[in-house]
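Asker: Mind having a look at this structure? Questions to follow.
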Amino acid sequence: MKIAYSHLSQYIEENPTIEQISDSLFQLGHEHEINSDIFDMEFTPNRGDCLSLNGLLRDLAVFYTVDFNQEIYTEKLNELQLDFKNLSESTCPKISFLKLEIENIPETYKGSLDNYFKDLSLNKNNLFTDVSNYLSYETGQPTHCYDASTMRGKLLLHEIDKNEEFDTLLDKKITLSGKNSVFSLNDNIINLAGIVGGKSTSCSTNTKTVIVECAFFQPEAIIGKSVKYDIQSEASHKFERGVDPDCHDRVLRRFIKLVSEHANIKDMSIISYKSKDNPITQMPVNVGKINQIIGINISEKEYLSYLLKLGFIVEEGLIEVPSFRSDVKTQNDLAEEVARVIGYDNIATLEISIPKKEKTNHKAIENKLRFFLLDHGFYEVINSPFVSLSSEEAIKVDNPLDSNREFLRTNITNSLVDNLLFNERRQKDSIKLFEISDVYLSSNGINKKRKLSVVASGRVGLNYEDFSKKINKKYLTALFQEILPKEVFDFEILSRDLLDTKIKNEIVTLEVDIDRFSTNILSFKEISKSPESFAQYSPISDLPSSFKDISYSIKDYSKTQELQDLLLNYQSDIIKNVYIFDYFKNEKQEEIKIGFRFIFQSKKVTLNSAEIELIYNDIVTKSLNISGISIPGI
Amino acid sequence: MPEHMDISPPELIKDRGSLHPINHMKDSIMDLLISFGFEIVDGPEIETEEFNFDMLNIKKSHPARQMHDTFYVENKLNLLRTHTSPVQIRGMLEKKPPLAFISGGKVYRKDDDATHLPMFHQVEGIYVDENVSFAQLKDLIYKIIYSLFGEDVELRFRPSYFPFTEPSAEVDILSKEGKWLEILGCGLVNPIVLENCNIDSNKYSGLAFGLGIERIAMLKHGVTDIREFYKSNLDFLSQFK
């Protein structure tokens with residue numbers, strides 16, 4: 001909600017700067033941004049009372065001398081004769097109507113009304129709608145204006161539960177569905193209660209007689225409707241958060257006053273309907289409780305002074321909550337009021353000491369499994385549970401974000417296979433992944449299973465010992481036998497026939513319930529550790545990578561380390577990784593053969609062969625400068 | 001050629017995998033909280049409206065309960081938990097005060113952009129005892145944030161609103177670029193919630209807090225797009241060893 005600084009400051013005696021008001025609002029919990037002397041406010045959903053100029057002033061009154069008693073029409077008003085029946089009193093326990101006829105339609109606005117449109121750069125509609133919009137801004141109470149010439153007949157507020165077309169005043173037709181409270185005139189819907197009015201009865205620039213509806217709608221009846229019908233409605237935003245049920249007379253009298261400042265009023269009358277009184281919330285004055293909740297020590301006098309400034313009434317040891325503060329119901333709510341006024345950052349800390357518990361080994365088996373897999377080069381992944389594939393046991397999401405992913409996964413492996421293909425497309429040739437997650441199945445109710453899934457393919461490792469070995473069932477079986485020699489796990493080979501890939505490496509998978517693992521695993525001594533610090537992420541490249549291998553023959557063994565130091569530490573922006581993929585010491589020939597693989601990838605551009613050759617040639621030249629080293633073929 | 005026999009093969013570099021950075025962050029925070037005296041409780045990701053909303057004083061009219069915010073399953077019979085708070089409700093129903101629980105795990109909301117995902121992770125904590133105050137909550141939050149970001153970090157408390165805490169606060173830290181960043185939500189447990197769990201709110205009070213793991217992981221690791229965490233890209237994951 002946008003509120004102009006000048007509109008606030010005109011009612012504040014101390015004339016604070018915009019920065020001072022900003023600080024005060026922040027302390028009170030009202031987040032905002034400031035653009036060109038306009039506060040763009042974001043209120044928490046419990047503070048519907050602040051969604052207006054006066055609402056914000058009521059809160060600021062705790063810090064400043066504030067007087068915002070805007071002028072109202074004070075004379076006695078005739079009773080409006082209206083053929084109206086409220087059949088939806090549970091939704092709308094209070095409603096008032098004002099009928100107003102004017103002689104002339106003003107061409108320009110003045111005073112507060114004029115400032116509102118100018119300062120907030122708003123478009124005008126017609127006098128009555130403009131006054132209604134301004135009043136919502138000033139008081140927080142939405143009102144709706146009907147052109148009285150269109151309102152002949154029986155007016156009904158009632159609940160419908162059927163599909164029906166409704167032509168809104170926003171030039172948008174909507175189809176009402178489910179339960180809705182509506183105003184009907186002679187059985188035709190003219191207003192979706194609390195959300196948006198209808199086109200057929202809306203005011204125009206020619207309207208001279210208006211019927212103004214001022215109602216209190218229960219938030220429960222309004223909530224979600226504007227989203228459901230995709231309507232931007234300030235009224236529904238306010239009703240959803242709660243408006244002051246006791247403000248109708250004052251708001252409508254203010255309506256009259258504003259109109260009278262712009263046109264001659266010929267006739268006016270008012271009528272109010274009330275099915276029940278607004279319940280009054282009262283609580284005993286208990287400063288000890290407030291001090292205990294916050295952890296401070298203020299006097300009762302100081303405590304009550306805060307509440308009085310915020311509009312609370314204190315009488316005979318009781319605190320009465322004002323009608324506009326429907327969010328305050330308990331001593332904790334009152335404590336929050338005090339804490340806001342003091343300022344959360346001004347409340348001193350009190351040492352907390354929670355009794356220490358005996359340390360339990362939470363998820364010991366699965367944590368041991370994680371580090372065992374890390375030791376063997378597996379990477380832990382986390383996948384979304386939303387999938388397209390259905391099975392008889394899959395749980396369906398009623399309202400998926402994506403209609404192609406409307407089920408919860410019944411296995412983890414499919415997600416990991418997607419991850420594997422994703423990485424293969426990025427030229428990865430050694431991929432080992434695992435995920436531990438809950439999986440939910442629908443069979444005789446909801447069944448939760450905690451599972452481990454392992455998917456691996458390609459080279460066993462990127463080092464000279466594992467480079468030429470391929471991941472297969474035998475490799476993984478041996479791996480798991482290392483920690484659980486007596487247990488049998490059913491590794492599977494996944495066919496690539498249905499996968500979108502030309503790579504032929506075997507994909508080995510395993511999906512198993514965590515409770516299949518016995519405590520024997522706890523004796524495994526892992527090498528991997530949880531990182532002690534949090535690595536700074538370096539953005540990765542999605543550009544294609546390529547590799548080049550260089551194989552050396554070393555006759556002078558003493559130069560082996562020098563060659564490794566040179567190549568493994570070679571600096572280039574386009575070398576992503578380098579490792580030794582081959583090593584062989586031929587005792588008879590007195591020769592070491594060593595192969596290095598260089599992975600090239602840029603973070604900025606797709607590399608061409610000339611750019612790679614340039615670096616490759618430099619590596620070759622520098623390495624051949626080491627005596628006793630040769631590259632067969634060069 | 002001298003000393004042929006003395007040469008040893010190159011160091012055999014076996015690639016170790018890495019924990020997922022979100023799980024690592026979650027575990028780190030849980031370990032920290034355990035060191036403060038909290039114990040871990042677990043709960044299901046598929047919850048009832050009763051535990052996810054009603055018991056936490058989130059009324060039927062609250063926007064979070066709408067279909068556009070919460071994933072419902074099985075014809076609205078159940079839902080995917082929108083926070084880990086229902087786990088604490090289950091814990092409070094099982095045990096009597098004094099109690100100090102933490103719960104961590106996946107939660108779900110209908111969001112999807114560069115800073116929000118439909119699935120994300122939370123760690124929440126609750127401490128219920130006699131005379132637990134807001135000033136003590138502040139002390140705990142300072143300890144948590146100093147442990148995570150160092151004692152030089154500047155932080156502030158802002159009044160906020162959660163139906164299950166009263167008073168409620170959000171806590172921001174000041175980034176190196178001078179921008180305030182929201183880190184966690186906290187407050188004193190609403191007495192209504194305590195009563196819902198059969199805990200005498202006249203005798204006991206409690207504090208509660210919740211942290212979004214992705215948010216903190218993004219700050220600590222310098223990741224700017226939350227979606228990177230869930231692409232399972234080995235180039236990304238291998239940076240977090």
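Going by the structure tokens order, chains are called A, B, ..., each with residues numbered from 1, while ligands are numbered from 1 in the order shown.
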Going by DSSP on the backbone, which residues of range 82-196 of chain B come out as strand (DSSP E)? List them as a ChimeraX atom specification.

Answerer: /B:99-108,119-130,155-162,165-174,180-189

Asker: Write the residues of the selection above to a file with C-alpha atoms, as a PDB file, in the first residue's frame.

Answerer:
```
ATOM      1  CA  LEU B  99      11.554 -29.786  26.526  1.00  0.00           C
ATOM      2  CA  ALA B 100      13.855 -28.580  23.776  1.00  0.00           C
ATOM      3  CA  PHE B 101      13.347 -30.007  20.288  1.00  0.00           C
ATOM      4  CA  ILE B 102      14.714 -29.358  16.852  1.00  0.00           C
ATOM      5  CA  SER B 103      13.398 -30.763  13.611  1.00  0.00           C
ATOM      6  CA  GLY B 104      14.843 -30.404  10.154  1.00  0.00           C
ATOM      7  CA  GLY B 105      13.848 -31.514   6.710  1.00  0.00           C
ATOM      8  CA  LYS B 106      11.992 -30.903   3.497  1.00  0.00           C
ATOM      9  CA  VAL B 107       8.962 -28.654   3.349  1.00  0.00           C
ATOM     10  CA  TYR B 108       6.736 -27.704   0.430  1.00  0.00           C
ATOM     11  CA  MET B 119      10.540 -27.943  -2.114  1.00  0.00           C
ATOM     12  CA  PHE B 120      13.004 -26.482   0.339  1.00  0.00           C
ATOM     13  CA  HIS B 121      14.503 -27.255   3.739  1.00  0.00           C
ATOM     14  CA  GLN B 122      13.956 -25.869   7.218  1.00  0.00           C
ATOM     15  CA  VAL B 123      15.348 -26.366  10.672  1.00  0.00           C
ATOM     16  CA  GLU B 124      13.054 -25.358  13.500  1.00  0.00           C
ATOM     17  CA  GLY B 125      13.525 -25.394  17.236  1.00  0.00           C
ATOM     18  CA  ILE B 126      11.298 -25.047  20.271  1.00  0.00           C
ATOM     19  CA  TYR B 127      12.123 -24.703  23.950  1.00  0.00           C
ATOM     20  CA  VAL B 128       9.382 -24.856  26.577  1.00  0.00           C
ATOM     21  CA  ASP B 129      10.017 -24.311  30.264  1.00  0.00           C
ATOM     22  CA  GLU B 130       8.925 -22.044  33.081  1.00  0.00           C
ATOM     23  CA  LEU B 155      21.931  -8.191  13.213  1.00  0.00           C
ATOM     24  CA  ARG B 156      18.552  -6.702  13.925  1.00  0.00           C
ATOM     25  CA  PHE B 157      15.179  -7.918  15.147  1.00  0.00           C
ATOM     26  CA  ARG B 158      12.001  -6.810  13.365  1.00  0.00           C
ATOM     27  CA  PRO B 159       8.449  -7.271  14.679  1.00  0.00           C
ATOM     28  CA  SER B 160       6.642  -9.753  12.486  1.00  0.00           C
ATOM     29  CA  TYR B 161       3.667 -12.068  12.500  1.00  0.00           C
ATOM     30  CA  PHE B 162       3.346 -15.822  12.744  1.00  0.00           C
ATOM     31  CA  THR B 165       4.265 -17.230  18.029  1.00  0.00           C
ATOM     32  CA  GLU B 166       3.457 -14.051  19.934  1.00  0.00           C
ATOM     33  CA  PRO B 167       5.442 -11.811  20.064  1.00  0.00           C
ATOM     34  CA  SER B 168       7.000 -12.701  16.716  1.00  0.00           C
ATOM     35  CA  ALA B 169      10.170 -11.429  15.096  1.00  0.00           C
ATOM     36  CA  GLU B 170      12.212 -11.738  11.964  1.00  0.00           C
ATOM     37  CA  VAL B 171      15.950 -11.410  12.178  1.00  0.00           C
ATOM     38  CA  ASP B 172      18.162  -9.812   9.528  1.00  0.00           C
ATOM     39  CA  ILE B 173      21.920  -9.671   9.169  1.00  0.00           C
ATOM     40  CA  LEU B 174      23.821  -6.892   7.438  1.00  0.00           C
ATOM     41  CA  TRP B 180      19.867  -6.291   5.358  1.00  0.00           C
ATOM     42  CA  LEU B 181      19.119  -9.950   4.660  1.00  0.00           C
ATOM     43  CA  GLU B 182      16.403 -11.925   6.381  1.00  0.00           C
ATOM     44  CA  ILE B 183      17.825 -14.988   8.106  1.00  0.00           C
ATOM     45  CA  LEU B 184      15.217 -16.470  10.390  1.00  0.00           C
ATOM     46  CA  GLY B 185      11.834 -16.117  12.028  1.00  0.00           C
ATOM     47  CA  CYS B 186      11.245 -16.559  15.741  1.00  0.00           C
ATOM     48  CA  GLY B 187       9.028 -15.700  18.663  1.00  0.00           C
ATOM     49  CA  LEU B 188       7.518 -16.831  21.910  1.00  0.00           C
ATOM     50  CA  VAL B 189       5.222 -19.796  21.422  1.00  0.00           C
TER      51      VAL B 189
END
```

Asker: Please return, as a PyMOL selection string, all residues of chain B lying within 7 Å of chain A when only C-alpha atoms are considered.

Answerer: chain B and resi 1+4+7+12-20+36-37+61+63+66-67+71-76+110+119+131+133-136+138-140+156-161+166-167+220-223+230+232-236+239-241

Asker: Mind pulling up the distance from CA of Leu258 in chain A to CA of Leu60 in chain A?

Answerer: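 Separation of CA of Leu60 in chain A and CA of Leu258 in chain A: 24.8 Å.
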
Asker: Write out as a list of chain:residue names the residues lying within 12 Å of range 568-571 of chain A, counting only C-alpha atoms and excluding same-chain residues fewer than 3 positions away.

Answerer: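 In the requested format, the answer is A:Thr560, A:Gln561, A:Glu562, A:Leu563, A:Gln564, A:Asp565, A:Ile574, A:Ile575, A:Lys576, A:Asn577, A:Val578, A:Tyr579, A:Ile580, A:Gly595, A:Phe596, A:Arg597, A:Phe598, A:Ile599, A:Phe600, A:Ile615, A:Tyr616, A:Asp618, A:Ile619, A:Val620, A:Lys622, A:Ser623, B:Pro10, B:Glu11, B:Ile13.
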
Asker: Check the DSSP output for the backbone and give back, as a ChimeraX atom specification, the residues of range 54-106 of chain B in helix (DSSP H, G or I).

Answerer: /B:54-56,63-65,85-94

Asker: Would you write out those residues with N, CA and C atoms, as an mmCIF file, in the first residue's frame?

Answerer:
```
data_model
loop_
_atom_site.group_PDB
_atom_site.id
_atom_site.type_symbol
_atom_site.label_atom_id
_atom_site.label_comp_id
_atom_site.auth_asym_id
_atom_site.auth_seq_id
_atom_site.Cartn_x
_atom_site.Cartn_y
_atom_site.Cartn_z
ATOM 1 N N ASP B 54 -4.104 -26.347 12.162
ATOM 2 C CA ASP B 54 -5.014 -26.105 13.294
ATOM 3 C C ASP B 54 -4.279 -26.009 14.631
ATOM 4 N N MET B 55 -3.436 -26.999 14.906
ATOM 5 C CA MET B 55 -2.746 -27.040 16.196
ATOM 6 C C MET B 55 -1.786 -25.858 16.354
ATOM 7 N N LEU B 56 -1.405 -25.281 15.219
ATOM 8 C CA LEU B 56 -0.458 -24.162 15.249
ATOM 9 C C LEU B 56 -1.170 -22.813 15.184
ATOM 10 N N PRO B 63 -4.253 -17.221 4.637
ATOM 11 C CA PRO B 63 -3.913 -17.425 3.221
ATOM 12 C C PRO B 63 -3.075 -18.683 2.973
ATOM 13 N N ALA B 64 -2.255 -19.064 3.943
ATOM 14 C CA ALA B 64 -1.392 -20.240 3.744
ATOM 15 C C ALA B 64 -2.199 -21.504 3.487
ATOM 16 N N ARG B 65 -3.443 -21.499 3.923
ATOM 17 C CA ARG B 65 -4.255 -22.716 3.774
ATOM 18 C C ARG B 65 -4.916 -22.811 2.415
ATOM 19 N N SER B 85 7.162 -27.239 11.639
ATOM 20 C CA SER B 85 6.517 -27.020 12.945
ATOM 21 C C SER B 85 5.626 -28.173 13.406
ATOM 22 N N PRO B 86 4.889 -28.868 12.499
ATOM 23 C CA PRO B 86 4.054 -29.960 13.009
ATOM 24 C C PRO B 86 4.841 -31.028 13.754
ATOM 25 N N VAL B 87 6.115 -31.158 13.438
ATOM 26 C CA VAL B 87 6.939 -32.137 14.142
ATOM 27 C C VAL B 87 7.030 -31.739 15.620
ATOM 28 N N GLN B 88 7.135 -30.438 15.845
ATOM 29 C CA GLN B 88 7.239 -29.968 17.230
ATOM 30 C C GLN B 88 5.930 -30.170 17.986
ATOM 31 N N ILE B 89 4.835 -30.022 17.249
ATOM 32 C CA ILE B 89 3.525 -30.298 17.868
ATOM 33 C C ILE B 89 3.484 -31.759 18.329
ATOM 34 N N ARG B 90 3.922 -32.638 17.434
ATOM 35 C CA ARG B 90 3.937 -34.061 17.798
ATOM 36 C C ARG B 90 4.841 -34.286 19.010
ATOM 37 N N GLY B 91 5.972 -33.593 19.039
ATOM 38 C CA GLY B 91 6.905 -33.732 20.156
ATOM 39 C C GLY B 91 6.293 -33.245 21.456
ATOM 40 N N MET B 92 5.588 -32.102 21.391
ATOM 41 C CA MET B 92 4.992 -31.549 22.605
ATOM 42 C C MET B 92 3.852 -32.417 23.125
ATOM 43 N N LEU B 93 3.171 -33.094 22.191
ATOM 44 C CA LEU B 93 2.087 -33.977 22.620
ATOM 45 C C LEU B 93 2.631 -35.233 23.300
ATOM 46 N N GLU B 94 3.851 -35.600 22.924
ATOM 47 C CA GLU B 94 4.445 -36.830 23.468
ATOM 48 C C GLU B 94 5.148 -36.615 24.796
#
```

Asker: Using only C-alpha atoms for the distances, tell me which of A:Val508, A:Ile280, A:Ile342, A:Leu484 is nearest to Val417 in chain A.

Answerer: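 So, comparing all the options, the nearest one is A:Val508.
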
Asker: Find the distance between CA of Glu159 in chain A and CA of Ala193 in chain A and write it in Å to one decimal.

Answerer: 9.5 Å

Asker: Would you kindly return, as a list of chain:residue names, each protein, DNA or RNA residue with an atom no farther than 12 Å from any atom of Ala114 in chain B, considering only C-alpha atoms and excluding same-chain residues fewer than 4 positions away?

Answerer: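 Once the adjacent positions are removed, what remains is B:Pro118, B:Glu214, B:Arg215, B:Met218, B:Val223, B:Thr224, B:Asp225, B:Ile226, B:Arg227, B:Glu228, B:Phe229.
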
Asker: Those same residues - N, CA and C atoms - I'd like them written as a PDB file, in the first residue's frame.

Answerer:
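See out_22.pdb below for the written result:
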```
ATOM      1  N   PRO B 118       9.413 -25.056  -4.918  1.00  0.00           N
ATOM      2  CA  PRO B 118       8.291 -25.757  -4.279  1.00  0.00           C
ATOM      3  C   PRO B 118       8.738 -26.698  -3.162  1.00  0.00           C
ATOM      4  N   GLU B 214      18.222 -23.258   2.646  1.00  0.00           N
ATOM      5  CA  GLU B 214      18.725 -22.781   1.354  1.00  0.00           C
ATOM      6  C   GLU B 214      19.213 -21.340   1.460  1.00  0.00           C
ATOM      7  N   ARG B 215      18.455 -20.525   2.168  1.00  0.00           N
ATOM      8  CA  ARG B 215      18.798 -19.104   2.323  1.00  0.00           C
ATOM      9  C   ARG B 215      20.192 -18.954   2.946  1.00  0.00           C
ATOM     10  N   MET B 218      22.935 -20.339   0.639  1.00  0.00           N
ATOM     11  CA  MET B 218      23.224 -19.392  -0.454  1.00  0.00           C
ATOM     12  C   MET B 218      24.177 -18.300   0.042  1.00  0.00           C
ATOM     13  N   VAL B 223      26.068 -18.691  -3.383  1.00  0.00           N
ATOM     14  CA  VAL B 223      25.239 -19.143  -4.510  1.00  0.00           C
ATOM     15  C   VAL B 223      24.088 -18.147  -4.672  1.00  0.00           C
ATOM     16  N   THR B 224      23.862 -17.670  -5.898  1.00  0.00           N
ATOM     17  CA  THR B 224      22.843 -16.625  -6.082  1.00  0.00           C
ATOM     18  C   THR B 224      21.515 -17.171  -6.605  1.00  0.00           C
ATOM     19  N   ASP B 225      21.528 -18.346  -7.212  1.00  0.00           N
ATOM     20  CA  ASP B 225      20.280 -18.914  -7.744  1.00  0.00           C
ATOM     21  C   ASP B 225      19.998 -20.232  -7.017  1.00  0.00           C
ATOM     22  N   ILE B 226      18.908 -20.241  -6.281  1.00  0.00           N
ATOM     23  CA  ILE B 226      18.571 -21.404  -5.438  1.00  0.00           C
ATOM     24  C   ILE B 226      18.454 -22.690  -6.265  1.00  0.00           C
ATOM     25  N   ARG B 227      18.084 -22.544  -7.550  1.00  0.00           N
ATOM     26  CA  ARG B 227      17.854 -23.728  -8.388  1.00  0.00           C
ATOM     27  C   ARG B 227      19.127 -24.532  -8.633  1.00  0.00           C
ATOM     28  N   GLU B 228      20.290 -23.876  -8.481  1.00  0.00           N
ATOM     29  CA  GLU B 228      21.568 -24.576  -8.692  1.00  0.00           C
ATOM     30  C   GLU B 228      21.706 -25.780  -7.751  1.00  0.00           C
ATOM     31  N   PHE B 229      21.127 -25.654  -6.561  1.00  0.00           N
ATOM     32  CA  PHE B 229      21.273 -26.733  -5.578  1.00  0.00           C
ATOM     33  C   PHE B 229      20.647 -28.045  -6.049  1.00  0.00           C
TER      34      PHE B 229
END
```
